[in-house]
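The file query.cif contains mmCIF, C-alpha atoms:
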data_final
loop_
_atom_site.label_atom_id
_atom_site.label_comp_id
_atom_site.auth_asym_id
_atom_site.auth_seq_id
_atom_site.Cartn_x
_atom_site.Cartn_y
_atom_site.Cartn_z
CA MET A 30 72.00 124.14 78.14
CA MET A 31 74.06 121.05 77.46
CA GLU A 32 74.86 119.14 80.62
CA SER A 33 78.21 117.37 80.71
CA ILE A 34 79.22 114.20 82.48
CA SER A 35 82.47 112.48 83.30
CA ILE A 36 83.02 109.61 80.92
CA GLY A 37 85.74 107.12 81.72
CA ILE A 38 88.15 105.68 79.17
CA VAL A 39 87.20 102.19 78.07
CA ASP A 40 89.79 99.61 77.09
CA PRO A 41 89.53 99.19 73.27
CA SER A 42 89.95 95.44 73.61
CA TYR A 43 86.91 95.36 75.89
CA VAL A 44 84.84 97.20 73.30
CA LYS A 45 85.93 94.95 70.46
CA CYS A 46 85.21 91.83 72.46
CA HIS A 47 81.68 92.80 73.43
CA ILE A 48 80.54 94.39 70.17
CA HIS A 49 81.97 91.58 68.04
CA VAL A 50 82.71 92.63 64.45
CA MET A 51 80.06 95.32 64.20
CA CYS A 52 81.07 98.65 65.65
CA GLY A 53 78.21 101.10 65.22
CA ARG A 54 78.86 104.55 63.86
CA PHE A 55 76.76 107.63 63.26
CA ALA A 56 77.33 111.33 62.67
CA LEU A 57 75.99 114.63 63.98
CA THR A 58 77.10 117.64 61.98
CA ALA A 59 74.18 119.98 62.72
CA THR A 60 74.72 123.30 64.48
CA PRO A 61 73.54 123.99 68.03
CA GLU A 62 71.03 126.46 66.55
CA GLU A 63 69.52 123.71 64.40
CA LEU A 64 69.13 121.46 67.44
CA ILE A 65 67.52 124.25 69.42
CA GLU A 66 64.99 124.89 66.67
CA LEU A 67 64.05 121.27 66.00
CA PHE A 68 63.84 120.03 69.57
CA GLY A 69 62.55 123.14 71.33
CA LEU A 70 65.59 123.62 73.55
CA LEU A 71 66.25 126.82 75.47
CA LYS A 72 69.88 126.74 74.34
CA SER A 73 72.67 124.34 73.61
CA ASP A 74 76.37 124.59 74.23
CA ASP A 75 78.59 124.90 71.20
CA PHE A 76 79.98 121.62 69.91
CA PRO A 77 82.02 120.56 66.87
CA ALA A 78 80.69 118.62 63.90
CA ARG A 79 81.28 114.91 64.48
CA PHE A 80 81.50 112.67 61.44
CA ASN A 81 82.38 109.34 63.07
CA ILE A 82 80.76 108.85 66.48
CA ALA A 83 81.68 105.50 68.01
CA PRO A 84 80.63 103.38 71.01
CA THR A 85 81.78 104.56 74.47
CA GLN A 86 82.05 108.14 73.21
CA PRO A 87 79.75 110.87 74.55
CA ILE A 88 76.60 111.46 72.52
CA ILE A 89 73.93 114.14 72.75
CA VAL A 90 70.47 113.04 73.84
CA VAL A 91 67.30 115.08 74.28
CA VAL A 92 65.06 114.48 77.29
CA ALA A 93 61.83 115.97 78.59
CA ALA A 94 62.47 118.92 80.90
CA ASP A 95 60.84 119.23 84.30
CA GLY A 96 58.48 122.16 84.50
CA GLY A 97 57.97 122.72 80.79
CA GLY A 98 54.61 122.56 79.08
CA PRO A 99 51.67 124.75 78.03
CA GLY A 100 51.77 128.21 79.59
CA SER A 101 55.29 127.75 80.93
CA ASN A 102 58.26 129.91 80.00
CA LEU A 103 60.59 127.01 80.61
CA PRO A 104 61.80 124.86 77.70
CA GLU A 105 59.94 121.61 77.07
CA ARG A 106 63.18 119.70 76.52
CA ARG A 107 66.83 119.80 77.42
CA ALA A 108 69.98 118.27 75.95
CA LEU A 109 72.66 116.39 77.83
CA LEU A 110 75.61 114.14 77.18
CA VAL A 111 75.63 110.42 77.91
CA ARG A 112 78.10 107.65 77.21
CA TRP A 113 77.09 105.58 74.20
CA GLY A 114 76.86 102.16 75.79
CA PHE A 115 73.91 101.37 78.05
CA THR A 116 74.59 100.09 81.58
CA PRO A 117 71.53 99.06 83.67
CA GLY A 118 71.46 100.47 87.18
CA TRP A 119 71.59 97.02 88.76
CA VAL A 120 74.96 96.11 87.19
CA LYS A 121 77.67 95.82 89.83
CA ASP A 122 80.72 96.07 87.57
CA PRO A 123 80.39 97.34 83.96
CA ARG A 124 83.58 95.50 83.06
CA ASP A 125 81.70 92.25 83.52
CA PHE A 126 78.67 93.38 81.51
CA PRO A 127 78.30 93.61 77.70
CA LEU A 128 78.39 97.05 76.14
CA LEU A 129 74.82 97.54 74.92
CA ILE A 130 74.89 100.22 72.23
CA ASN A 131 71.45 99.29 70.92
CA ALA A 132 68.21 97.71 72.07
CA ARG A 133 65.75 95.74 69.95
CA ALA A 134 62.44 97.60 69.82
CA GLU A 135 60.53 94.32 69.61
CA THR A 136 61.80 93.08 72.98
CA ALA A 137 62.97 96.14 74.94
CA ILE A 138 59.79 96.24 77.02
CA GLU A 139 60.44 92.70 78.25
CA LYS A 140 64.22 92.67 78.66
CA ALA A 141 65.50 93.18 82.18
CA SER A 142 68.25 95.47 80.91
CA PHE A 143 65.88 97.94 79.25
CA ARG A 144 62.50 97.51 80.94
CA ALA A 145 62.88 100.33 83.48
CA ALA A 146 64.34 102.75 80.91
CA MET A 147 61.51 102.02 78.48
CA ARG A 148 59.07 103.08 81.17
CA HIS A 149 60.90 106.00 82.73
CA ARG A 150 63.83 107.22 80.59
CA ARG A 151 63.02 107.40 76.87
CA VAL A 152 65.18 109.90 74.97
CA LEU A 153 65.84 111.18 71.46
CA VAL A 154 69.28 110.83 69.86
CA PRO A 155 69.94 113.56 67.27
CA ALA A 156 71.93 112.47 64.22
CA SER A 157 72.71 113.59 60.69
CA GLY A 158 72.72 109.97 59.58
CA PHE A 159 74.34 106.62 60.34
CA TYR A 160 76.78 104.15 58.82
CA GLU A 161 76.03 100.56 57.99
CA TRP A 162 78.01 97.73 56.47
CA HIS A 163 76.83 95.22 53.89
CA ARG A 164 78.67 92.02 54.75
CA PRO A 165 78.77 89.36 51.99
CA ALA A 166 78.25 85.70 52.78
CA LYS A 167 81.19 83.90 54.31
CA GLY A 168 83.41 82.29 51.73
CA SER A 169 82.33 84.61 48.93
CA GLY A 170 85.67 86.36 48.90
CA GLU A 171 83.91 89.72 48.65
CA ALA A 172 84.81 92.66 50.87
CA SER A 173 82.35 94.42 53.15
CA GLN A 174 80.93 97.67 51.82
CA ALA A 175 80.28 100.65 54.09
CA TYR A 176 77.32 102.97 53.50
CA TRP A 177 76.56 106.46 54.75
CA ILE A 178 72.79 106.49 55.28
CA ARG A 179 71.17 109.91 55.66
CA PRO A 180 67.71 111.48 55.41
CA ARG A 181 66.91 111.97 51.74
CA LYS A 182 65.70 115.50 52.44
CA GLY A 183 68.67 116.33 54.66
CA GLY A 184 68.45 117.82 58.12
CA ILE A 185 68.48 116.12 61.50
CA VAL A 186 67.01 112.71 62.23
CA ALA A 187 65.92 111.76 65.76
CA PHE A 188 66.59 108.16 66.78
CA ALA A 189 64.57 106.62 69.59
CA GLY A 190 66.85 106.02 72.54
CA LEU A 191 67.00 104.93 76.16
CA MET A 192 69.18 106.17 78.99
CA GLU A 193 70.17 104.96 82.41
CA THR A 194 72.35 106.39 85.15
CA TRP A 195 74.81 103.88 86.58
CA SER A 196 76.14 104.50 90.09
CA SER A 197 79.44 103.05 91.21
CA PRO A 198 80.14 101.87 94.76
CA ASP A 199 82.16 105.04 95.40
CA GLY A 200 79.13 107.21 94.62
CA SER A 201 80.15 108.48 91.20
CA GLU A 202 77.54 108.39 88.43
CA VAL A 203 77.66 107.90 84.67
CA ASP A 204 74.73 108.57 82.35
CA THR A 205 74.59 105.96 79.60
CA GLY A 206 72.45 105.47 76.52
CA ALA A 207 71.43 103.12 73.71
CA VAL A 208 69.64 103.44 70.37
CA LEU A 209 66.52 101.41 69.65
CA THR A 210 66.48 99.43 66.41
CA THR A 211 63.79 97.70 64.38
CA SER A 212 63.58 95.61 61.23
CA ALA A 213 64.90 97.36 58.12
CA ASN A 214 62.53 98.84 55.58
CA PRO A 215 62.76 97.63 51.93
CA ALA A 216 65.29 100.32 51.03
CA ILE A 217 67.76 99.39 53.79
CA ALA A 218 67.15 95.61 53.84
CA PRO A 219 69.61 94.87 50.99
CA ILE A 220 72.36 96.37 53.18
CA HIS A 221 71.32 95.14 56.62
CA ASP A 222 68.27 93.63 58.27
CA ARG A 223 68.11 96.22 61.08
CA MET A 224 67.80 99.98 61.21
CA PRO A 225 67.38 102.63 63.93
CA VAL A 226 63.91 103.60 65.06
CA VAL A 227 63.14 107.11 63.81
CA ILE A 228 60.82 109.40 65.80
CA GLN A 229 59.15 112.10 63.71
CA PRO A 230 58.92 115.67 65.11
CA GLU A 231 55.17 115.43 65.60
CA ASP A 232 55.77 112.45 67.91
CA PHE A 233 58.63 113.91 69.99
CA ALA A 234 56.36 114.90 72.87
CA ARG A 235 54.60 111.55 73.06
CA TRP A 236 57.84 109.55 72.94
CA LEU A 237 59.47 111.64 75.67
CA ASP A 238 56.39 111.69 77.90
CA CYS A 239 57.18 108.98 80.41
CA LYS A 240 54.64 110.29 82.91
CA THR A 241 51.45 109.54 80.98
CA GLN A 242 52.65 107.41 78.06
CA GLU A 243 53.54 103.88 79.08
CA PRO A 244 55.69 101.69 76.81
CA ARG A 245 52.61 100.01 75.31
CA ASP A 246 51.30 103.46 74.36
CA VAL A 247 54.29 104.18 72.12
CA LEU A 248 54.62 100.80 70.44
CA ASP A 249 53.22 102.29 67.24
CA LEU A 250 56.23 104.63 67.05
CA MET A 251 58.81 101.83 67.07
CA VAL A 252 58.45 100.86 63.43
CA PRO A 253 60.69 101.14 60.33
CA ALA A 254 60.99 104.56 58.73
CA PRO A 255 59.15 105.05 55.42
CA GLU A 256 60.90 103.41 52.48
CA ASP A 257 61.83 106.73 50.88
CA TYR A 258 63.06 108.40 54.10
CA PHE A 259 66.75 107.50 53.82
CA GLU A 260 69.26 107.37 51.01
CA ALA A 261 72.30 105.06 51.18
CA ILE A 262 75.63 106.29 49.80
CA PRO A 263 78.51 103.81 49.40
CA VAL A 264 81.65 105.12 51.12
CA SER A 265 85.20 103.90 51.67
CA ASP A 266 86.40 101.82 54.59
CA LYS A 267 87.92 104.92 56.23
CA VAL A 268 84.90 104.96 58.53
CA ASN A 269 86.07 101.65 60.02
CA LYS A 270 88.73 103.49 62.02
CA VAL A 271 87.58 105.79 64.81
CA ALA A 272 90.62 108.01 64.22
CA ASN A 273 89.21 108.96 60.81
CA ALA A 274 86.81 111.70 61.84
CA GLY A 275 86.73 114.16 58.94
CA PRO A 276 84.04 114.85 56.32
CA ASP A 277 86.00 112.86 53.74
CA ILE A 278 84.69 109.61 55.20
CA GLN A 279 81.27 110.50 53.75
CA GLU A 280 82.53 110.90 50.19
CA ALA A 281 80.80 108.55 47.75
CA VAL A 282 82.71 105.70 46.11
CA VAL A 283 81.80 103.09 43.52
CA PRO A 284 80.62 100.00 45.47
CA GLN A 285 82.48 96.77 44.78
CA VAL A 286 79.32 94.70 45.08
CA VAL A 287 75.68 95.78 44.85
CA PRO A 288 73.80 94.09 47.72
CA LYS A 289 70.72 92.04 46.93
CA VAL A 290 67.57 91.78 49.00
CA PRO A 291 68.07 88.83 51.40
CA ALA A 292 65.68 85.91 51.45
CA LYS A 293 63.09 86.07 54.21
CA ASN A 294 63.45 82.44 55.27
CA ASP A 295 66.70 80.75 56.20
CA LYS A 296 66.81 77.43 54.37
CA ASN A 297 69.08 75.97 57.04
CA GLY A 298 66.63 76.85 59.77
CA ASP A 299 69.16 79.05 61.53
CA LYS A 300 67.94 82.03 63.47
CA PRO A 301 69.21 85.37 62.20
CA ASP A 302 71.67 87.34 64.32
CA ASP A 303 69.52 89.29 66.75
CA GLY A 304 71.83 92.31 66.47
CA GLN A 305 71.63 92.93 70.22
CA MET A 306 75.32 93.76 70.41
CA SER A 307 75.43 95.86 67.26
CA LEU A 308 73.97 99.24 66.51
CA PHE A 309 72.04 98.76 63.33
#
How would this structure read if it were set down as structure tokens?
Amino acid sequence: MMESISIGIVDPSYVKCHIHVMCGRFALTATPEELIELFGLLKSDDFPARFNIAPTQPIIVVVAADGGGPGSNLPERRALLVRWGFTPGWVKDPRDFPLLINARAETAIEKASFRAAMRHRRVLVPASGFYEWHRPAKGSGEASQAYWIRPRKGGIVAFAGLMETWSSPDGSEVDTGAVLTTSANPAIAPIHDRMPVVIQPEDFARWLDCKTQEPRDVLDLMVPAPEDYFEAIPVSDKVNKVANAGPDIQEAVVPQVVPKVPAKNDKNGDKPDDGQMSLF
């Protein structure tokens, strides 16, 4: 059964300030029945197709269920809703803390914000695909191009995620979550240098097992998806606005500029944007 939480309204100016120019988006248009089958859930509440999920909105995550396992009649996993925007438990006031919608897989084990969640609260984030923007070099005069990136074979993709419950001084609690990202594979690299970590169905149990599988035991899962796993479809800039939430935002368009594979080394010696405040 889907568990619901109370999710407060976040000031849009706060979101824009802390996510900079990159506002992550993904979609989940699968049916509850499809989620039940893929993730081994007992049941899932009905929910509408969502074509433009944005930061601070509720997202579905799948967690390991207590009491499930071999010989048990209980489900191995359960689904619940969390706010997309990770808040560590030690934060006193979320308004003074950046909205973390993603975590870098390469450093999540070490970072104070994610260390405890990596050890105790790993989750799966179901999605039908995600959106990414190719942003031309400054001064080129070219417009950014949005892409709808989905599994080439269709179906549901499971992103690696982390969750944390933040407790306010008045005792209220909010479950929050983030998506883990890694370096882009060769197919996605021309669009962006990061992509979400994908957990394959055969690895669901190991990723969610926080009792016997320590973070170092699942490092091999936090790698780029195979090069032929996703397909990228150029779409219009309708996806830029959260209010645009219909299937039309996934309609293919002719891209204005075809992105090229970026050079591996920065000639100016500058470090690439670490993407910590962006989704992908």
- Message: Given the PyMOL selection byres ((chain A and resi 264-272) around 8) and the file above, list the residues it selects as number ranges by chain.
- Response: A: 81-83, 174-177, 262-263, 273-274, 278-284
For the residues selected in the previous step, produce a file with C-alpha atoms as a tab-separated table (two decimals), in the frame of the given file.
chain	number	residue	atom	x	y	z
A	81	ASN	CA	82.38	109.34	63.07
A	82	ILE	CA	80.76	108.85	66.48
A	83	ALA	CA	81.68	105.50	68.01
A	174	GLN	CA	80.93	97.67	51.82
A	175	ALA	CA	80.28	100.65	54.09
A	176	TYR	CA	77.32	102.97	53.50
A	177	TRP	CA	76.56	106.46	54.75
A	262	ILE	CA	75.63	106.29	49.80
A	263	PRO	CA	78.51	103.81	49.40
A	273	ASN	CA	89.21	108.96	60.81
A	274	ALA	CA	86.81	111.70	61.84
A	278	ILE	CA	84.69	109.61	55.20
A	279	GLN	CA	81.27	110.50	53.75
A	280	GLU	CA	82.53	110.90	50.19
A	281	ALA	CA	80.80	108.55	47.75
A	282	VAL	CA	82.71	105.70	46.11
A	283	VAL	CA	81.80	103.09	43.52
A	284	PRO	CA	80.62	100.00	45.47
- Message: Can you measure atom CA of A:Arg148 to atom CA of A:Asp122 for me? One decimal in Å is fine.
- Response: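 About the pair atom CA of A:Arg148 and atom CA of A:Asp122: they are 23.6 Å apart.
Going from atom CA of A:Glu105 to atom CA of A:Pro77 covers 24.3 Å.
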- Task: Check the smallest atom-to-atom distance from each of A:Ala132, A:Ile220, A:Leu57, A:Leu248 to A:Pro288 using all atoms listed in the file, then report the winner.
- Result: A:Ile220
- Expected selection from the PyMOL selection byres ((chain A and resi 214) around 9), given as a ChimeraX atom specification: /A:211-213,215-218,222-224,253-256
- In Å to one decimal, how far is atom CA of A:Pro87 from atom CA of A:Asp75? 14.5 Å
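Minimum atom-to-atom distances from A:Leu209, A:Ala234, A:Ala59, A:Ile89 to A:Ile138 were compared using all atoms listed in the file, and the lowest value belongs to A:Leu209.
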- Proximity to A:Phe76 - best of A:Ser169, A:Pro61, A:Gly118, A:Ile88, only C-alpha atoms: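 Closest residue, counting only C-alpha atoms: A:Pro61.
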- Task: Give me the result of the PyMOL selection byres ((chain A and resi 260) around 8) on this file, residue by residue, as an MDAnalysis selection string.
- Result: chainID A and resid 178:181 257:259 261:262
Write to file, as a PDB file, in the frame of the given file, the residues of the selection just made, with C-alpha atoms.
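Produced file again.pdb, reproduced below:
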ATOM      1  CA  ILE A 178      72.790 106.490  55.280  1.00  0.00           C
ATOM      2  CA  ARG A 179      71.170 109.910  55.660  1.00  0.00           C
ATOM      3  CA  PRO A 180      67.710 111.480  55.410  1.00  0.00           C
ATOM      4  CA  ARG A 181      66.910 111.970  51.740  1.00  0.00           C
ATOM      5  CA  ASP A 257      61.830 106.730  50.880  1.00  0.00           C
ATOM      6  CA  TYR A 258      63.060 108.400  54.100  1.00  0.00           C
ATOM      7  CA  PHE A 259      66.750 107.500  53.820  1.00  0.00           C
ATOM      8  CA  ALA A 261      72.300 105.060  51.180  1.00  0.00           C
ATOM      9  CA  ILE A 262      75.630 106.290  49.800  1.00  0.00           C
TER      10      ILE A 262
END
- Can you work out which one of A:Gly206, A:Pro104, A:Gly114, A:Leu128 has the shortest atom-to-atom distance to A:Glu66, counting only C-alpha atoms? A:Pro104
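Within 9 Å of the file-frame point (66.6, 106.0, 74.0), and using all atoms listed in the file, the polymer residues found are Val90, Asn131, Ala132, Ala146, Met147, Arg150, Arg151, Val152, Leu153, Val154, Phe188, Ala189, Gly190, Leu191, Met192, Gly206, Ala207, Val208 and Leu209 of chain A.
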- Counting only C-alpha atoms, the residue of A:Arg112, A:Arg164, A:Arg235, A:Arg54 that sits nearest A:Gln285: A:Arg164
